[in-house]
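Shown next: query_15.cif, containing mmCIF, C-alpha atoms.
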data_input
loop_
_atom_site.group_PDB
_atom_site.id
_atom_site.type_symbol
_atom_site.label_atom_id
_atom_site.label_comp_id
_atom_site.auth_asym_id
_atom_site.auth_seq_id
_atom_site.Cartn_x
_atom_site.Cartn_y
_atom_site.Cartn_z
ATOM 1 C CA MET O 1 -188.832 58.937 123.307
ATOM 2 C CA GLY O 2 -185.069 59.136 123.748
ATOM 3 C CA ASP O 3 -182.668 58.557 120.885
ATOM 4 C CA LYS O 4 -181.548 55.311 122.520
ATOM 5 C CA GLN O 5 -185.106 53.947 122.307
ATOM 6 C CA ALA O 6 -185.618 55.082 118.693
ATOM 7 C CA PHE O 7 -185.974 52.269 116.211
ATOM 8 C CA ARG O 8 -183.037 51.547 113.908
ATOM 9 C CA PHE O 9 -183.533 50.771 110.223
ATOM 10 C CA HIS O 10 -180.027 50.215 108.859
ATOM 11 C CA GLY O 11 -180.410 46.490 108.149
ATOM 12 C CA GLY O 12 -181.664 46.717 104.594
ATOM 13 C CA ARG O 13 -184.387 44.112 105.086
ATOM 14 C CA PRO O 14 -187.435 43.936 107.408
ATOM 15 C CA SER O 15 -186.246 40.822 109.232
ATOM 16 C CA VAL O 16 -182.781 42.268 109.801
ATOM 17 C CA ASN O 17 -184.258 45.573 110.984
ATOM 18 C CA PHE O 18 -186.527 43.665 113.346
ATOM 19 C CA THR O 19 -183.498 42.208 115.153
ATOM 20 C CA ALA O 20 -182.471 45.807 115.976
ATOM 21 C CA THR O 21 -185.422 46.146 118.351
ATOM 22 C CA VAL O 22 -182.914 45.081 120.996
ATOM 23 C CA GLY O 23 -180.187 47.667 121.266
ATOM 24 C CA MET O 24 -176.534 47.198 122.195
ATOM 25 C CA ARG O 25 -176.720 43.427 122.549
ATOM 26 C CA ARG O 26 -172.984 43.258 123.263
ATOM 27 C CA ARG O 27 -173.518 45.089 126.554
ATOM 28 C CA ASP O 28 -175.130 42.889 129.199
ATOM 29 C CA GLY O 29 -177.683 41.508 126.740
ATOM 30 C CA GLY O 30 -178.744 44.937 125.496
ATOM 31 C CA PHE O 31 -181.966 46.820 126.065
ATOM 32 C CA GLU O 32 -185.493 46.381 124.787
ATOM 33 C CA ARG O 33 -186.922 48.782 122.214
ATOM 34 C CA LEU O 34 -190.262 46.942 122.290
ATOM 35 C CA PRO O 35 -191.219 47.423 125.947
ATOM 36 C CA ASP O 36 -194.973 47.157 125.340
ATOM 37 C CA PRO O 37 -197.516 46.191 122.661
ATOM 38 C CA ALA O 38 -197.910 49.814 121.524
ATOM 39 C CA ALA O 39 -194.200 49.949 120.634
ATOM 40 C CA LEU O 40 -194.635 46.881 118.439
ATOM 41 C CA GLY O 41 -197.462 48.609 116.573
ATOM 42 C CA ARG O 42 -195.282 51.715 116.128
ATOM 43 C CA TRP O 43 -192.417 49.569 114.792
ATOM 44 C CA PHE O 44 -194.644 48.071 112.080
ATOM 45 C CA VAL O 45 -195.599 51.598 110.940
ATOM 46 C CA GLU O 46 -192.083 53.059 111.151
ATOM 47 C CA ALA O 47 -190.738 50.029 109.263
ATOM 48 C CA GLY O 48 -193.141 50.893 106.451
ATOM 49 C CA LEU O 49 -194.999 47.594 106.663
ATOM 50 C CA VAL O 50 -198.414 49.178 107.332
ATOM 51 C CA PRO O 51 -199.856 52.698 107.195
ATOM 52 C CA GLU O 52 -201.660 52.408 110.539
ATOM 53 C CA GLU O 53 -200.747 50.665 113.764
ATOM 54 C CA PRO O 54 -202.421 47.275 114.115
ATOM 55 C CA ALA O 55 -204.020 46.420 117.429
ATOM 56 C CA CYS O 56 -201.338 44.676 119.485
ATOM 57 C CA VAL O 57 -201.754 42.817 122.761
ATOM 58 C CA GLU O 58 -199.277 41.234 125.192
ATOM 59 C CA ALA O 59 -199.515 37.845 123.440
ATOM 60 C CA ASP O 60 -198.537 39.522 120.140
ATOM 61 C CA LEU O 61 -195.555 41.161 121.837
ATOM 62 C CA ALA O 62 -194.423 37.831 123.308
ATOM 63 C CA ALA O 63 -194.742 36.143 119.905
ATOM 64 C CA ALA O 64 -192.862 38.984 118.201
ATOM 65 C CA ARG O 65 -190.016 38.772 120.685
ATOM 66 C CA GLU O 66 -189.806 34.999 120.276
ATOM 67 C CA LEU O 67 -189.611 35.383 116.476
ATOM 68 C CA ARG O 68 -187.105 38.234 116.734
ATOM 69 C CA GLU O 69 -184.750 36.231 118.944
ATOM 70 C CA ALA O 70 -184.996 33.138 116.733
ATOM 71 C CA VAL O 71 -184.173 35.248 113.659
ATOM 72 C CA TYR O 72 -181.298 36.947 115.476
ATOM 73 C CA ARG O 73 -179.770 33.650 116.639
ATOM 74 C CA LEU O 74 -180.060 32.187 113.130
ATOM 75 C CA MET O 75 -178.419 35.243 111.590
ATOM 76 C CA ARG O 76 -175.627 35.235 114.188
ATOM 77 C CA ALA O 77 -175.099 31.504 113.561
ATOM 78 C CA ARG O 78 -174.838 32.260 109.853
ATOM 79 C CA LEU O 79 -172.230 34.945 110.544
ATOM 80 C CA SER O 80 -170.149 32.850 112.919
ATOM 81 C CA GLY O 81 -170.532 29.464 111.255
ATOM 82 C CA ALA O 82 -172.054 28.072 114.459
ATOM 83 C CA SER O 83 -174.685 25.354 114.510
ATOM 84 C CA VAL O 84 -178.271 26.497 114.292
ATOM 85 C CA ARG O 85 -180.866 25.547 116.865
ATOM 86 C CA PRO O 86 -183.638 23.449 115.291
ATOM 87 C CA ALA O 87 -186.138 25.175 117.598
ATOM 88 C CA ASP O 88 -185.224 28.541 116.028
ATOM 89 C CA VAL O 89 -185.764 27.146 112.539
ATOM 90 C CA ASP O 90 -189.144 25.813 113.686
ATOM 91 C CA VAL O 91 -190.202 29.221 115.055
ATOM 92 C CA VAL O 92 -189.277 31.013 111.831
ATOM 93 C CA ASN O 93 -190.918 28.378 109.646
ATOM 94 C CA ARG O 94 -194.092 28.376 111.749
ATOM 95 C CA TRP O 95 -194.457 32.142 111.326
ATOM 96 C CA ALA O 96 -193.463 32.066 107.650
ATOM 97 C CA GLU O 97 -196.539 29.903 107.009
ATOM 98 C CA GLU O 98 -198.837 32.773 108.050
ATOM 99 C CA PRO O 99 -200.579 34.460 105.126
ATOM 100 C CA PRO O 100 -198.983 37.885 104.535
ATOM 101 C CA PRO O 101 -200.899 41.167 104.595
ATOM 102 C CA VAL O 102 -202.992 41.598 101.474
ATOM 103 C CA ALA O 103 -204.111 44.381 99.199
ATOM 104 C CA ALA O 104 -207.332 44.412 97.205
ATOM 105 C CA LEU O 105 -208.382 46.082 93.981
ATOM 106 C CA ARG O 106 -211.178 48.617 94.302
ATOM 107 C CA ILE O 107 -213.128 50.352 91.579
ATOM 108 C CA THR O 108 -212.710 54.098 91.930
ATOM 109 C CA ALA O 109 -214.090 57.090 90.034
ATOM 110 C CA THR O 110 -210.909 57.165 87.926
ATOM 111 C CA GLY O 111 -210.521 53.425 87.343
ATOM 112 C CA LEU O 112 -208.880 50.887 89.621
ATOM 113 C CA GLY O 113 -207.162 51.567 92.900
ATOM 114 C CA VAL O 114 -205.437 49.521 95.530
ATOM 115 C CA GLU O 115 -206.745 49.311 99.061
ATOM 116 C CA GLN O 116 -204.756 47.767 101.864
ATOM 117 C CA VAL O 117 -206.768 45.309 103.899
ATOM 118 C CA PRO O 118 -206.012 46.024 107.590
ATOM 119 C CA ALA O 119 -203.090 43.813 108.570
ATOM 120 C CA THR O 120 -203.089 41.610 111.619
ATOM 121 C CA VAL O 121 -200.068 41.106 113.828
ATOM 122 C CA PRO O 122 -199.774 37.421 112.793
ATOM 123 C CA ALA O 123 -199.749 38.471 109.124
ATOM 124 C CA LEU O 124 -197.013 41.035 109.821
ATOM 125 C CA LEU O 125 -194.940 38.538 111.801
ATOM 126 C CA GLY O 126 -195.420 36.124 108.906
ATOM 127 C CA LEU O 127 -194.050 38.775 106.562
ATOM 128 C CA ILE O 128 -190.976 39.228 108.775
ATOM 129 C CA ALA O 129 -190.447 35.466 109.019
ATOM 130 C CA ALA O 130 -190.785 35.018 105.245
ATOM 131 C CA ASP O 131 -188.222 37.774 104.770
ATOM 132 C CA ALA O 132 -185.872 36.011 107.215
ATOM 133 C CA VAL O 133 -186.249 32.812 105.183
ATOM 134 C CA ALA O 134 -185.369 34.742 102.016
ATOM 135 C CA VAL O 135 -182.365 36.416 103.661
ATOM 136 C CA LEU O 136 -180.965 33.310 105.347
ATOM 137 C CA GLY O 137 -181.689 30.969 102.444
ATOM 138 C CA GLY O 138 -180.870 33.281 99.544
ATOM 139 C CA ALA O 139 -178.079 35.351 98.071
ATOM 140 C CA ALA O 140 -178.357 37.938 100.865
ATOM 141 C CA ALA O 141 -177.021 35.381 103.368
ATOM 142 C CA GLY O 142 -173.513 35.887 102.015
ATOM 143 C CA ARG O 143 -173.883 39.637 102.490
ATOM 144 C CA LEU O 144 -175.143 39.502 106.076
ATOM 145 C CA ARG O 145 -172.866 41.463 108.427
ATOM 146 C CA GLU O 146 -172.622 42.739 111.981
ATOM 147 C CA CYS O 147 -171.502 46.314 112.583
ATOM 148 C CA ALA O 148 -167.762 46.528 113.308
ATOM 149 C CA ASN O 149 -168.295 49.173 115.989
ATOM 150 C CA PRO O 150 -167.670 47.375 119.313
ATOM 151 C CA GLU O 151 -170.394 49.521 120.908
ATOM 152 C CA CYS O 152 -172.961 48.502 118.296
ATOM 153 C CA SER O 153 -174.463 45.120 117.550
ATOM 154 C CA LEU O 154 -176.741 45.862 114.611
ATOM 155 C CA LEU O 155 -176.919 43.394 111.766
ATOM 156 C CA PHE O 156 -177.224 44.527 108.148
ATOM 157 C CA VAL O 157 -177.202 43.237 104.604
ATOM 158 C CA ASP O 158 -174.185 44.674 102.800
ATOM 159 C CA THR O 159 -175.458 46.097 99.529
ATOM 160 C CA SER O 160 -172.213 47.841 98.627
ATOM 161 C CA ARG O 161 -170.769 46.962 95.237
ATOM 162 C CA ALA O 162 -167.544 45.543 96.693
ATOM 163 C CA GLY O 163 -169.307 43.776 99.557
ATOM 164 C CA VAL O 164 -166.906 45.100 102.182
ATOM 165 C CA ARG O 165 -169.112 47.449 104.197
ATOM 166 C CA ARG O 166 -168.210 47.353 107.900
ATOM 167 C CA TRP O 167 -170.690 49.716 109.530
ATOM 168 C CA CYS O 168 -174.431 49.540 110.047
ATOM 169 C CA SER O 169 -174.587 53.185 108.983
ATOM 170 C CA MET O 170 -171.980 55.536 107.582
ATOM 171 C CA SER O 171 -173.831 58.457 109.175
ATOM 172 C CA GLY O 172 -173.563 56.843 112.612
ATOM 173 C CA CYS O 173 -170.990 54.189 113.407
ATOM 174 C CA GLY O 174 -168.956 54.769 110.244
ATOM 175 C CA ALA O 175 -168.711 58.505 110.854
ATOM 176 C CA ARG O 176 -167.633 57.941 114.460
ATOM 177 C CA GLU O 177 -164.904 55.539 113.305
ATOM 178 C CA LYS O 178 -163.646 57.997 110.677
ATOM 179 C CA MET O 179 -163.575 60.796 113.259
ATOM 180 C CA GLN O 180 -161.626 58.616 115.730
ATOM 181 C CA ARG O 181 -159.136 57.705 112.995
ATOM 182 C CA TYR O 182 -158.776 61.347 112.013
ATOM 183 C CA ARG O 183 -158.140 62.391 115.614
ATOM 184 C CA SER O 184 -155.595 59.637 116.209
ATOM 185 C CA ASP O 185 -153.698 60.586 113.009
ATOM 186 C CA ARG O 186 -153.258 64.179 114.169
#

Translate this structure into structure tokens?
Amino acid sequence: MGDKQAFRFHGGRPSVNFTATVGMRRRDGGFERLPDPAALGRWFVEAGLVPEEPACVEADLAAARELREAVYRLMRARLSGASVRPADVDVVNRWAEEPPPVAALRITATGLGVEQVPATVPALLGLIAADAVAVLGGAAAGRLRECANPECSLLFVDTSRAGVRRWCSMSGCGAREKMQRYRSDR
């Protein structure tokens, strides 16, 4: 898998990271990092939502993309002050009603342990939608940002103390900007 197709996790929240499964949105609509159901399963694992890939089918992929785009449009509307589409709110709310993945207590030889019940794709999409509700409707909404790099379009929650972070990642876009500034000052 090329670096371009690698998943990005600079958003600070699962729902924000999920919007990054389309890369470089500012360029001709971007490119898809979830080209097939297997990629969706890999994203759930790489995002740290589950230890093993859930079984994903084409219908799951279509639903995930619909949720992702609704979340992205709502977050962009929040950033720009534009009106939100009621249909996007409905999509997020519909998925947020899904029961999230669960864990169960198990008696072990040393006492109690936690066992993850295998998560379904609807439960994982419900988790992402619930996180989007928390981001868009909570304190994080005021800290939602889009990377200032014109070549990047990643969204992130600014967790810096001053709240003035401009880059999705200091090791990526921020470092490139600093290097360009350094070169132009010479």

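Closest approach to Ile128 of chain O among O:Ser169, O:Gln5, O:Asn93, O:Ser83 is made by O:Asn93 (distances from only C-alpha atoms).
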
Original post:
Got a sec to resolve the PyMOL selection byres ((chain O and resi 37) around 8) on this structure and send the residues as a list in words?
Top reply: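 Given this file, the PyMOL selection byres ((chain O and resi 37) around 8) evaluates to Leu34, Pro35, Asp36, Ala38, Ala39, Leu40, Gly41, Cys56, Val57, Glu58, Asp60 and Leu61 of chain O.
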
Subject >> Selection result for the PyMOL selection byres ((chain O and resi 153) around 7) on this file, as number ranges by chain >> reply: O: 24-26, 146-147, 151-152, 154-155

**OP:** For Leu124 of chain O, work out the shell of residues within 12 Å, counting only C-alpha atoms and skipping chain neighbours fewer than 6 positions away, then give it as a ChimeraX atom specification.
**Re:** /O:14-15,18,40-41,43-45,47-50,53-56,60,63-64,67,95-102,118,130-131

Would you export the selected residues with C-alpha atoms as a PDB file, keeping the file's coordinate frame, please?
ATOM      1  CA  PRO O  14    -187.435  43.936 107.408  1.00  0.00           C
ATOM      2  CA  SER O  15    -186.246  40.822 109.232  1.00  0.00           C
ATOM      3  CA  PHE O  18    -186.527  43.665 113.346  1.00  0.00           C
ATOM      4  CA  LEU O  40    -194.635  46.881 118.439  1.00  0.00           C
ATOM      5  CA  GLY O  41    -197.462  48.609 116.573  1.00  0.00           C
ATOM      6  CA  TRP O  43    -192.417  49.569 114.792  1.00  0.00           C
ATOM      7  CA  PHE O  44    -194.644  48.071 112.080  1.00  0.00           C
ATOM      8  CA  VAL O  45    -195.599  51.598 110.940  1.00  0.00           C
ATOM      9  CA  ALA O  47    -190.738  50.029 109.263  1.00  0.00           C
ATOM     10  CA  GLY O  48    -193.141  50.893 106.451  1.00  0.00           C
ATOM     11  CA  LEU O  49    -194.999  47.594 106.663  1.00  0.00           C
ATOM     12  CA  VAL O  50    -198.414  49.178 107.332  1.00  0.00           C
ATOM     13  CA  GLU O  53    -200.747  50.665 113.764  1.00  0.00           C
ATOM     14  CA  PRO O  54    -202.421  47.275 114.115  1.00  0.00           C
ATOM     15  CA  ALA O  55    -204.020  46.420 117.429  1.00  0.00           C
ATOM     16  CA  CYS O  56    -201.338  44.676 119.485  1.00  0.00           C
ATOM     17  CA  ASP O  60    -198.537  39.522 120.140  1.00  0.00           C
ATOM     18  CA  ALA O  63    -194.742  36.143 119.905  1.00  0.00           C
ATOM     19  CA  ALA O  64    -192.862  38.984 118.201  1.00  0.00           C
ATOM     20  CA  LEU O  67    -189.611  35.383 116.476  1.00  0.00           C
ATOM     21  CA  TRP O  95    -194.457  32.142 111.326  1.00  0.00           C
ATOM     22  CA  ALA O  96    -193.463  32.066 107.650  1.00  0.00           C
ATOM     23  CA  GLU O  97    -196.539  29.903 107.009  1.00  0.00           C
ATOM     24  CA  GLU O  98    -198.837  32.773 108.050  1.00  0.00           C
ATOM     25  CA  PRO O  99    -200.579  34.460 105.126  1.00  0.00           C
ATOM     26  CA  PRO O 100    -198.983  37.885 104.535  1.00  0.00           C
ATOM     27  CA  PRO O 101    -200.899  41.167 104.595  1.00  0.00           C
ATOM     28  CA  VAL O 102    -202.992  41.598 101.474  1.00  0.00           C
ATOM     29  CA  PRO O 118    -206.012  46.024 107.590  1.00  0.00           C
ATOM     30  CA  ALA O 130    -190.785  35.018 105.245  1.00  0.00           C
ATOM     31  CA  ASP O 131    -188.222  37.774 104.770  1.00  0.00           C
TER      32      ASP O 131
END

Subject >> Between atom CA of Val71 of chain O and atom CA of Arg143 of chain O - distance in Å to one decimal >> reply: 15.8 Å

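In terms of minimum interatomic distance to Pro122 of chain O, O:Arg94 ranks closest within O:Arg85, O:Arg27, O:His10, O:Arg94, counting all atoms listed in the file.
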
**OP:** Rounded to one decimal place, report the atom CA of Arg8 of chain O-atom CA of Ser80 of chain O distance in Å.
**Re:** 22.7 Å

**OP:** Point out the residue among O:Val114, O:Ala20, O:Leu136, O:Val164 with the least atom-to-atom distance to Ala77 of chain O, counting only C-alpha atoms.
**Re:**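 When distances to Ala77 of chain O are compared using only C-alpha atoms, the smallest one comes from O:Leu136.
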
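For the pair atom CA of Gly126 of chain O and atom CA of Val91 of chain O, the interatomic distance is 10.6 Å.
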
Original post:
Given the file above and the PyMOL selection byres ((chain O and resi 84) around 12), which residues are selected, and can you give them as a PyMOL selection string?
Top reply: chain O and resi 70-83+85-90+136

Quick one: what's the axis-aligned box for segment 93-102 of chain O, all listed atoms, 8 Å on every side, centre and edges in Å to one decimal, as JSON?
{"center_x": -197.0, "center_y": 35.0, "center_z": 106.6, "size_x": 28.1, "size_y": 29.2, "size_z": 26.3}

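You can rank O:Leu125, O:Ala119, O:Val157, O:Ala6 by their closest distance to Ala140 of chain O using all atoms listed in the file, and at the top of that list sits O:Val157.
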
Subject >> Residue nearest Val92 of chain O - candidates O:Leu144, O:Ala134, O:Ala129, O:Ala139, atoms counted: only C-alpha atoms >> reply: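 Using only C-alpha atoms, Val92 of chain O sits closest to O:Ala129.
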